[in-house]
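Remarks on the structure that follows.
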Amino acid sequence: MTFSAHPEASAETSSSSAGIPDETRITRALRSVRLNHLIWLMILLLAALSRLWDLGSRALHHDESLHTYYSWVFSEGLGYVHHPMMHGPFLFHINALSYLLFGDSDYTSRLTAAVFGIVLVMLPWLLRGRAFLGMWGAMATSSLILVSPSLLYYSRFIRHDIFAIVGAMLLFIAVVRYLEKPASRWIILAVASVGFVVTTHEITFVNLALLAAFTGALIAWRVLPAALGIVAGSVILFLVVRAILSAAGVQSVPEIPWEDPDTGQVIDYLARSVIHPVIASAIAIGLLALVAIAWLLERQRPSGTSRIDGTLGLADPGSTAGRFATALRDGRAWGIGAIIGGSIFGLLYTSMFSNIGGLGSGTLGAIGYWLGQHDVQRGEQPWFYYLVLTPQYEYLAVLGTLSVSAGLAVWAWRHRQENLEQHRRFITLALAVWWALVMFLVLSWAGEKMPWLIVHFLLPMLIVTGGGIGLVCEWVESHSREWRRELAGRVLRWGGAIALLFASSFLLINWASSGPFVEIEGQLQRTIRDDIPGGWWIVFIPAIVAIGLIVAAVIRYGSRSGLTIASAAIGCLLLVLQVNAGWNLSYRDGDVPRDMLIYVQTSPDLHEAVGQLEQLSHKHTGGMDLTIHYSGATQWPLNWYFRDFDQRVLFHQLAEAPTAPVIIMAINEVGESEAERLENYTMYEMPLRWWIPEDQTYRGFAIAPEVRTEWRQNLQTDDPPPYSIFDVIGSIGRSAASLRDPGQQASLFRLIVHRELSAPIGSYTMRVYVHDDYRQDFERIRYADSV
């Protein structure tokens with residue numbers, strides 16, 4: 001593994017760098033106009049096709065309908081006011097613009113997300129320089145983003161997350177490009193990206209904090225290494241003080257008034273927080289640390305020098321500290337970036353200056369609201385949620401990140417006597433590893449965990465994996481043509497045999513696990529076939545032989561060549577499985593929640609019902625003037641789907657003598673009295689939304705003491721809470737041990753590959769009541785549609 005060691009080298013240069021082999025004919029061909037552009041054009045076309053095709057066939061999710069409805073209201077000229085519950089204002093402004101340009105529909109609702117998804121696929125092009133990912137690494141990263149099931153699905157889903165990660169990627173690019181070669185445009189892009197990304201999602205503040213921590217550590221290591229010790233000591237001191245206060249019975253920090261607080265509540269909360277022992281201790285320790293660092297910096301600053309020149313300016317110009325000093329002197333770039341970023345922030349949060357209060361709700365209000373949601377725990381997802389979610393879909397990212405991160409650690413240890421900052425490729429990948437790790441830990445700690453948040457740590461994982469692939473490709477092309485030809489032959493022979501053997505095991509497991517369904521504890525469960533010759537263990541024979549071939553290849557050709565052969569074989573197989581997972585998730589089963597990534601989804605029956613009511617309205621009114629009453633429990637997504645019905649009426653209590661042609665209610669809203677009042681109506685029942693059975697699918701993996709609902713903390717045993725760390729570790733061990741059972745192995749395989757669940761999908765049912773005067777026409781329409 002080698003990295004560029006020349007910070008002054010341009011990203012666009014083709015000259016060789018220390019530790020990087022001279023370019024061969026392959027790289028020169030890739031840099032040529034025709035081949036290079038052809039590959040990137042192919043990636044672009046595939047990104048556009050995969051993101052834009054069939055966007056509108058899936059009914060809008062509950063959250064999607066909130067976003068689209070208020071965007072539509074905004075586009076109709078009825079205004080928009082930011083509220084932290086629905087994250088940043090960018091989505092609502094860009095979708096309102098989409099409706100004005102292309103009309104309002106399910107397709108155009110997701111069009112903006114899809115376009116940003118395409119942009120995300122192409123952004124690694126800006127990291128194709130040898131100091132970042134390299135040409136091979138950039139192409140690999142774009143390709144990985146292209147085929148990621150999670151990023152594909154949420155590029156076709158109108159939520160804020162796709163906009164947020166595009167902004168985060170732009171900020172990442174600006175920082176690493178500036179560290180490699182200072183230029184005003186990267187400062188402008190970085191500052192403008194901050195202004196933009198803050199208008200998308202509150203998770204941006206985590207991104208900014210982890211980026212500041214990484215660059216701050218690099219600067220401190222160069223300028224004042226003692227600062228790292230002071231920070232570490234401060235954290236340890238705070239933890240000790242916190243433990244002492246907890247033992248003394250000091251209660252937790254004051255509860256955040258997150259639910260539409262007025263000014264008085266906010267002031268009262270701030271006043272109570274400042275004097276709270278835990279917060280006061282944190283502030284005091286933090287101030288002491290800052291004073292100590294400032295004193296040490298001032299002490300070592302040469303007399304007669306400015307604070308910038310006397311601290312940062314003394315560092316190597318090519319170091320992070322030196323680059324930061326250079327950046328601080330570029331006031332013009334900071335000013336331009338601040339004007340662009342500030343304009344984006346100000347215009348969007350104030351809704352073009354119609355809501356000045358948005359400046360507050362978009363900063364302190366947003367942070368306070370979502371910190372307050374930590375204890376609310378919407379969804380009540382356990383601590384291991386992302387740990388079991390991610391490997392079900394992102395095979396390449398998980399294996400690639402673990403492998404490359406280990407390789408980076410080993411390389412850094414071997415070169416610990418060198419100045420690692422000079423190896424820009426290493427710094428780029430290390431920052432991506434840090435980004436992925438911190439974001440994963442923060443989201444796993446947060447009280448509210450949702451599947452769409454996976455994209456925030458998945459993107460840096462794909463950067464790490466793509467960068468690792470690029471390094472391998474560059475190592476291969478650094479050898480002679482004859483050696484590469486020999487390696488290609490070995491990959492075809494040995495790699496082909498390894499891939500064939502693993503594929504054989506896969507097919508055998510697929511066949512052996514496809515036994516009949518048997519009723520177990522009231523549920524139909526798939527069983528293992530009883531006609532397997534020799535028993536379940538034979539399905540692993542080809543895989544065992546494949547592992548033997550890998551070992552033989554390593555012994556015969558060396559560790560690098562042998563592992564390259566194995567990686568190529570296994571990577572190709574995982575790529576096929578991952579593409580299949582993405583296809584099923586986004587195109588075939590996107591409206592049926594058998595996947596953890598789908599979570600809760602509006603039923604496809606709703607699309608059909610709305611279309612039938614539109615036909616009924618045209619038949620009886622000649623337009624969209626049919627009167628439809630629908631209840632508060634069904635308003636999402638019906639507010640969106642009934643937007644064109646001029647006589648729609650949202651109600652929260654059924655009238656004593658209803659006469660509307662159509663009334664829609666949730667099943668739990670219909671009691672005996674409501675049923676009596678609806679005796680002149682014919683009822684049609686259908687699922688409004690449905691969800692994956694979480695308790696039976698994954699919650700039993702381990703004990704989760706932090707979950708608010710006690711019975712959900714432990715789905716393994718009958719032991720009551722409280723639970724210790726040893727109980728949690730023991731529960732993980734029991735889950736691992738259960739995989740010795742062939743039935744558990746088969747069930748896990750069927751879940752990941754075929755999404756076969758161990759329990760029925762849950763649903764929330766709605767009832768469509770059609771007045772008897774309209775029943776005959778409605779049934780003609782309904783049953784004609786079903787033929």
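For the structure tokens, the naming scheme is as follows: chains receive sequential letters (A, B, ...) according to their order of presentation, residues are indexed from 1 within each chain, and ligands are indexed from 1 in presentation order.
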Find the residues around range 214-220 of chain A up to 6 Å (only C-alpha atoms counted), leave out those fewer than 3 positions away in its own chain, and share them as a list of chain:residue names.
A:Leu211, A:Val223, A:Leu224, A:Pro225, A:Thr320, A:Ala321
Could you write those residues out with C-alpha atoms, as a PDB file, in the first residue's frame?
ATOM      1  CA  LEU A 211     -14.398  17.330  10.551  1.00  0.00           C
ATOM      2  CA  VAL A 223       1.686  23.049  16.443  1.00  0.00           C
ATOM      3  CA  LEU A 224       1.044  22.056  20.067  1.00  0.00           C
ATOM      4  CA  PRO A 225       1.035  18.296  20.790  1.00  0.00           C
ATOM      5  CA  THR A 320      -2.520  20.808   7.778  1.00  0.00           C
ATOM      6  CA  ALA A 321      -1.499  23.588  10.163  1.00  0.00           C
TER       7      ALA A 321
END
Extract, using only C-alpha atoms, all DNA, RNA and protein residues at most 12 Å from Leu678 in chain A, discarding same-chain residues fewer than 3 positions from it, and format them as a PyMOL selection string.
chain A and resi 654-665+670-675+681-683+767-772
Print the selection's residues with N, CA and C atoms to a file, as a short mmCIF file (atom, residue, chain, number, x, y, z; two decimals), in the first residue's frame.
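And here's result.cif as it stands now:
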data_model
loop_
_atom_site.label_atom_id
_atom_site.label_comp_id
_atom_site.auth_asym_id
_atom_site.auth_seq_id
_atom_site.Cartn_x
_atom_site.Cartn_y
_atom_site.Cartn_z
N LEU A 654 -66.64 12.04 13.35
CA LEU A 654 -67.64 11.76 12.33
C LEU A 654 -68.94 12.49 12.64
N ALA A 655 -69.55 13.07 11.60
CA ALA A 655 -70.82 13.79 11.76
C ALA A 655 -71.92 12.84 12.23
N GLU A 656 -72.94 13.41 12.88
CA GLU A 656 -74.04 12.60 13.38
C GLU A 656 -74.81 11.94 12.25
N ALA A 657 -75.00 12.67 11.16
CA ALA A 657 -75.73 12.11 10.02
C ALA A 657 -74.93 12.37 8.74
N PRO A 658 -73.90 11.60 8.50
CA PRO A 658 -73.04 11.86 7.34
C PRO A 658 -73.77 11.63 6.02
N THR A 659 -73.48 12.48 5.06
CA THR A 659 -74.11 12.36 3.73
C THR A 659 -73.09 12.40 2.61
N ALA A 660 -71.80 12.57 2.93
CA ALA A 660 -70.77 12.66 1.89
C ALA A 660 -70.75 11.37 1.08
N PRO A 661 -70.50 11.46 -0.23
CA PRO A 661 -70.44 10.24 -1.06
C PRO A 661 -69.38 9.25 -0.58
N VAL A 662 -68.26 9.77 -0.07
CA VAL A 662 -67.17 8.89 0.35
C VAL A 662 -66.65 9.37 1.71
N ILE A 663 -66.49 8.43 2.61
CA ILE A 663 -65.92 8.71 3.93
C ILE A 663 -64.80 7.70 4.17
N ILE A 664 -63.65 8.18 4.61
CA ILE A 664 -62.49 7.30 4.86
C ILE A 664 -62.06 7.45 6.31
N MET A 665 -61.93 6.32 6.98
CA MET A 665 -61.52 6.30 8.39
C MET A 665 -60.57 5.13 8.64
N VAL A 670 -63.48 3.45 14.12
CA VAL A 670 -64.85 3.03 13.87
C VAL A 670 -65.33 2.15 15.01
N GLY A 671 -66.14 2.73 15.89
CA GLY A 671 -66.77 1.97 16.95
C GLY A 671 -68.21 1.65 16.60
N GLU A 672 -68.97 1.22 17.60
CA GLU A 672 -70.36 0.84 17.35
C GLU A 672 -71.19 2.04 16.90
N SER A 673 -71.01 3.19 17.54
CA SER A 673 -71.81 4.36 17.17
C SER A 673 -71.49 4.83 15.76
N GLU A 674 -70.20 4.80 15.40
CA GLU A 674 -69.82 5.22 14.03
C GLU A 674 -70.38 4.23 13.01
N ALA A 675 -70.33 2.95 13.32
CA ALA A 675 -70.86 1.94 12.40
C ALA A 675 -72.35 2.14 12.16
N TYR A 681 -73.83 3.10 4.04
CA TYR A 681 -72.59 3.06 3.27
C TYR A 681 -72.12 1.61 3.14
N THR A 682 -71.42 1.35 2.05
CA THR A 682 -70.76 0.05 1.85
C THR A 682 -69.28 0.23 2.16
N MET A 683 -68.74 -0.68 2.95
CA MET A 683 -67.36 -0.56 3.44
C MET A 683 -66.40 -1.41 2.62
N ARG A 767 -60.62 2.10 6.18
CA ARG A 767 -61.87 1.70 5.57
C ARG A 767 -62.40 2.81 4.68
N VAL A 768 -62.74 2.46 3.47
CA VAL A 768 -63.36 3.39 2.53
C VAL A 768 -64.86 3.10 2.53
N TYR A 769 -65.63 4.07 2.97
CA TYR A 769 -67.09 3.93 2.99
C TYR A 769 -67.67 4.71 1.80
N VAL A 770 -68.38 4.00 0.94
CA VAL A 770 -69.00 4.61 -0.23
C VAL A 770 -70.51 4.59 -0.02
N HIS A 771 -71.13 5.74 -0.16
CA HIS A 771 -72.58 5.84 0.03
C HIS A 771 -73.29 4.93 -0.96
N ASP A 772 -74.39 4.33 -0.52
CA ASP A 772 -75.10 3.36 -1.36
C ASP A 772 -75.55 3.95 -2.69
#
Please provide the set of residues having any atom within 12 Å of Gly286 in chain A, restricted to only C-alpha atoms, with same-chain residues fewer than 4 positions apart removed, written as JSON, numbers by chain.
{"A": [230, 231, 232, 233, 234, 235, 236, 237, 238, 279, 280, 281, 282, 290, 291, 292, 293]}
Restricting it to N, CA, C and O atoms, dump the selection as a short mmCIF file (atom, residue, chain, number, x, y, z; two decimals), in the first residue's frame.
data_model
loop_
_atom_site.label_atom_id
_atom_site.label_comp_id
_atom_site.auth_asym_id
_atom_site.auth_seq_id
_atom_site.Cartn_x
_atom_site.Cartn_y
_atom_site.Cartn_z
N ILE A 230 -4.17 17.70 26.79
CA ILE A 230 -5.09 18.53 27.59
C ILE A 230 -6.54 18.15 27.28
O ILE A 230 -7.36 18.02 28.20
N VAL A 231 -6.84 17.98 26.01
CA VAL A 231 -8.21 17.61 25.63
C VAL A 231 -8.57 16.23 26.19
O VAL A 231 -9.65 16.04 26.76
N ALA A 232 -7.66 15.28 26.03
CA ALA A 232 -7.92 13.93 26.54
C ALA A 232 -8.09 13.96 28.06
O ALA A 232 -9.00 13.32 28.62
N GLY A 233 -7.23 14.71 28.75
CA GLY A 233 -7.35 14.82 30.20
C GLY A 233 -8.65 15.47 30.63
O GLY A 233 -9.26 15.07 31.64
N SER A 234 -9.09 16.46 29.86
CA SER A 234 -10.35 17.14 30.17
C SER A 234 -11.54 16.19 30.05
O SER A 234 -12.46 16.22 30.88
N VAL A 235 -11.51 15.37 29.01
CA VAL A 235 -12.60 14.40 28.83
C VAL A 235 -12.62 13.41 29.99
O VAL A 235 -13.69 13.11 30.55
N ILE A 236 -11.45 12.90 30.37
CA ILE A 236 -11.38 11.95 31.48
C ILE A 236 -11.85 12.61 32.78
O ILE A 236 -12.60 12.01 33.56
N LEU A 237 -11.41 13.85 33.00
CA LEU A 237 -11.82 14.57 34.21
C LEU A 237 -13.33 14.75 34.25
O LEU A 237 -13.96 14.56 35.31
N PHE A 238 -13.91 15.10 33.12
CA PHE A 238 -15.37 15.28 33.10
C PHE A 238 -16.09 13.98 33.40
O PHE A 238 -17.09 13.97 34.14
N ILE A 279 -23.69 20.24 33.64
CA ILE A 279 -23.38 21.19 32.56
C ILE A 279 -22.37 22.23 33.03
O ILE A 279 -21.43 22.60 32.30
N ALA A 280 -22.55 22.71 34.25
CA ALA A 280 -21.60 23.69 34.79
C ALA A 280 -20.20 23.10 34.87
O ALA A 280 -19.21 23.78 34.57
N SER A 281 -20.10 21.83 35.25
CA SER A 281 -18.79 21.18 35.30
C SER A 281 -18.18 21.08 33.91
O SER A 281 -16.98 21.32 33.74
N ALA A 282 -19.00 20.70 32.93
CA ALA A 282 -18.50 20.59 31.55
C ALA A 282 -18.00 21.94 31.05
O ALA A 282 -16.92 22.03 30.42
N LEU A 290 -9.34 25.36 27.42
CA LEU A 290 -9.08 26.41 26.42
C LEU A 290 -8.05 27.42 26.93
O LEU A 290 -7.17 27.85 26.18
N VAL A 291 -8.19 27.80 28.19
CA VAL A 291 -7.24 28.76 28.77
C VAL A 291 -5.83 28.16 28.78
O VAL A 291 -4.84 28.83 28.43
N ALA A 292 -5.73 26.88 29.14
CA ALA A 292 -4.42 26.23 29.17
C ALA A 292 -3.80 26.17 27.78
O ALA A 292 -2.59 26.44 27.61
N ILE A 293 -4.59 25.81 26.80
CA ILE A 293 -4.07 25.73 25.42
C ILE A 293 -3.67 27.10 24.93
O ILE A 293 -2.59 27.28 24.31
#
For Ala430 in chain A, find every residue with an atom within 8 Å (counting only C-alpha atoms), except residues of its own chain fewer than 4 positions away, and show them as a PyMOL selection string.
chain A and resi 408+426+434
What are the nearest atom pairs, with distances in Å to one decimal, for all residues of range 137-176 of chain A that come at most 10 Å from range 396-401 of chain A, using only C-alpha atoms, set out by chain and rising residue number as a Markdown table?
| residue | atom | partner | partner_atom | distance |
| --- | --- | --- | --- | --- |
| A:Leu144 | CA | A:Leu396 | CA | 8.1 |
| A:Ile145 | CA | A:Ala397 | CA | 9.7 |
| A:Val147 | CA | A:Leu396 | CA | 10.0 |
| A:Ser148 | CA | A:Ala397 | CA | 8.6 |
Write out, as a PDB file, in the first residue's frame, the residues just selected, with N, CA and C atoms.
ATOM      1  N   LEU A 144     -19.366   1.982  -6.806  1.00  0.00           N
ATOM      2  CA  LEU A 144     -19.929   1.464  -5.556  1.00  0.00           C
ATOM      3  C   LEU A 144     -21.156   2.259  -5.127  1.00  0.00           C
ATOM      4  N   ILE A 145     -21.102   3.573  -5.277  1.00  0.00           N
ATOM      5  CA  ILE A 145     -22.275   4.397  -4.974  1.00  0.00           C
ATOM      6  C   ILE A 145     -23.421   4.036  -5.915  1.00  0.00           C
ATOM      7  N   VAL A 147     -24.155   1.143  -7.293  1.00  0.00           N
ATOM      8  CA  VAL A 147     -24.794  -0.159  -7.038  1.00  0.00           C
ATOM      9  C   VAL A 147     -25.150  -0.364  -5.572  1.00  0.00           C
ATOM     10  N   SER A 148     -24.959   0.644  -4.738  1.00  0.00           N
ATOM     11  CA  SER A 148     -25.335   0.515  -3.330  1.00  0.00           C
ATOM     12  C   SER A 148     -26.856   0.415  -3.209  1.00  0.00           C
TER      13      SER A 148
END
Excluding range 61-69 of chain A and residues on its chain fewer than 6 positions from it, collect all residues at most 7 Å away from it, counting only C-alpha atoms, and give them as a PyMOL selection string.
chain A and resi 92+109+158-159+601-602+636-637+639-640
Test item: residues at most 9 Å from Gln612 in chain A, only C-alpha atoms, excluding those fewer than 2 positions along its chain, as a PyMOL selection string
chain A and resi 607-610+614-617+778+781-782+785
Take the residues from that selection and write them out as a tab-separated table (two decimals), in the first residue's frame, keeping N, CA and C atoms.
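Okay, this is what ended up in part_25.tsv:
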chain	number	residue	atom	x	y	z
A	607	HIS	N	-52.86	3.58	-3.85
A	607	HIS	CA	-52.78	4.10	-5.21
A	607	HIS	C	-54.02	3.71	-6.00
A	608	GLU	N	-54.38	2.45	-5.91
A	608	GLU	CA	-55.55	1.96	-6.66
A	608	GLU	C	-56.82	2.63	-6.19
A	609	ALA	N	-56.99	2.76	-4.88
A	609	ALA	CA	-58.21	3.35	-4.34
A	609	ALA	C	-58.35	4.81	-4.76
A	610	VAL	N	-57.25	5.57	-4.73
A	610	VAL	CA	-57.30	6.98	-5.14
A	610	VAL	C	-57.67	7.08	-6.62
A	614	GLU	N	-60.95	8.94	-8.21
A	614	GLU	CA	-60.85	9.95	-9.26
A	614	GLU	C	-61.81	9.63	-10.41
A	615	GLN	N	-61.86	8.36	-10.80
A	615	GLN	CA	-62.80	7.97	-11.85
A	615	GLN	C	-64.25	8.19	-11.41
A	616	LEU	N	-64.55	7.87	-10.16
A	616	LEU	CA	-65.90	8.08	-9.65
A	616	LEU	C	-66.26	9.55	-9.65
A	617	SER	N	-65.30	10.39	-9.29
A	617	SER	CA	-65.55	11.83	-9.28
A	617	SER	C	-65.83	12.35	-10.69
A	778	PHE	N	-69.13	2.72	-8.17
A	778	PHE	CA	-67.80	2.49	-7.62
A	778	PHE	C	-67.36	1.05	-7.82
A	781	ILE	N	-66.20	0.38	-11.33
A	781	ILE	CA	-64.84	0.90	-11.52
A	781	ILE	C	-63.84	0.01	-10.81
A	782	ARG	N	-64.13	-0.34	-9.57
A	782	ARG	CA	-63.20	-1.10	-8.74
A	782	ARG	C	-62.90	-2.47	-9.33
A	785	ASP	N	-61.02	-2.41	-12.61
A	785	ASP	CA	-59.58	-2.20	-12.42
A	785	ASP	C	-58.88	-3.49	-11.99
Picked from range 576-761 of chain A by DSSP as alpha helix (DSSP H), as a PyMOL selection string
chain A and resi 576-583+604-621+635-641+672-677+694-697+725-738+742-754
Would you mind listing what lies within 8 Å of range 483-494 of chain A as JSON, numbers by chain, with only C-alpha atoms counted and same-chain residues fewer than 3 positions away left out?
{"A": [476, 477, 479, 480, 497, 498, 549, 553, 561, 565, 568, 569]}
Write out the residues from the selection above, keeping C-alpha atoms, as a PDB file, in the first residue's frame.
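Written out: again_3.pdb:
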ATOM      1  CA  VAL A 476      -1.188  -4.067 -10.255  1.00  0.00           C
ATOM      2  CA  GLU A 477      -0.455  -1.526 -12.972  1.00  0.00           C
ATOM      3  CA  HIS A 479       4.242  -4.031 -12.682  1.00  0.00           C
ATOM      4  CA  SER A 480       5.363  -4.957 -16.145  1.00  0.00           C
ATOM      5  CA  ALA A 497     -12.528 -21.624  -9.727  1.00  0.00           C
ATOM      6  CA  ILE A 498     -12.911 -19.874  -6.353  1.00  0.00           C
ATOM      7  CA  LEU A 549      -7.718 -22.717  -3.031  1.00  0.00           C
ATOM      8  CA  ALA A 553      -2.886 -19.240  -4.108  1.00  0.00           C
ATOM      9  CA  SER A 561      -1.195 -11.744  -5.467  1.00  0.00           C
ATOM     10  CA  ILE A 565      -7.109 -13.160  -6.778  1.00  0.00           C
ATOM     11  CA  ALA A 568     -11.533 -10.312  -7.276  1.00  0.00           C
ATOM     12  CA  ALA A 569     -13.477 -13.578  -7.102  1.00  0.00           C
TER      13      ALA A 569
END
Point-to-point distance in Å for CA of Ile173 in chain A and CA of Leu471 in chain A:
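Pair CA of Leu471 in chain A / CA of Ile173 in chain A returns 18.7 Å.
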Determine which residues of range 682-773 of chain A receive a DSSP assignment of strand (DSSP E or B), computed from the backbone, and state them as a list in words.
Thr682, Met683, Tyr684, Glu685, Met686, Pro687, Leu688, Arg689, Trp690, Trp691, Gly762, Ser763, Tyr764, Thr765, Met766, Arg767, Val768, Tyr769, Val770 and His771 of chain A
Interatomic distance between CA of Ile538 in chain A and CA of Ser514 in chain A?
15.2 Å
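Here the question is which of A:Ser184, A:Tyr641, A:Arg734, A:Val438 gets nearest to Leu208 in chain A using only C-alpha atoms, and that residue is A:Val438.
Compared by their closest atoms to Thr428 in chain A, and using only C-alpha atoms, the residues A:Ile463, A:His93, A:Arg708, A:Thr350 rank with A:Ile463 nearest.
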So, counting only C-alpha atoms, which residue among A:Tyr393, A:Phe726, A:Phe642, A:Tyr349 is closest to Ala581 in chain A?
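Once distances to Ala581 in chain A are computed over only C-alpha atoms, the minimum belongs to A:Tyr393.
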Do you have the CA of Ala164 in chain A-CA of Asp591 in chain A distance handy?
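That distance, rounded to one decimal, is 24.3 Å.
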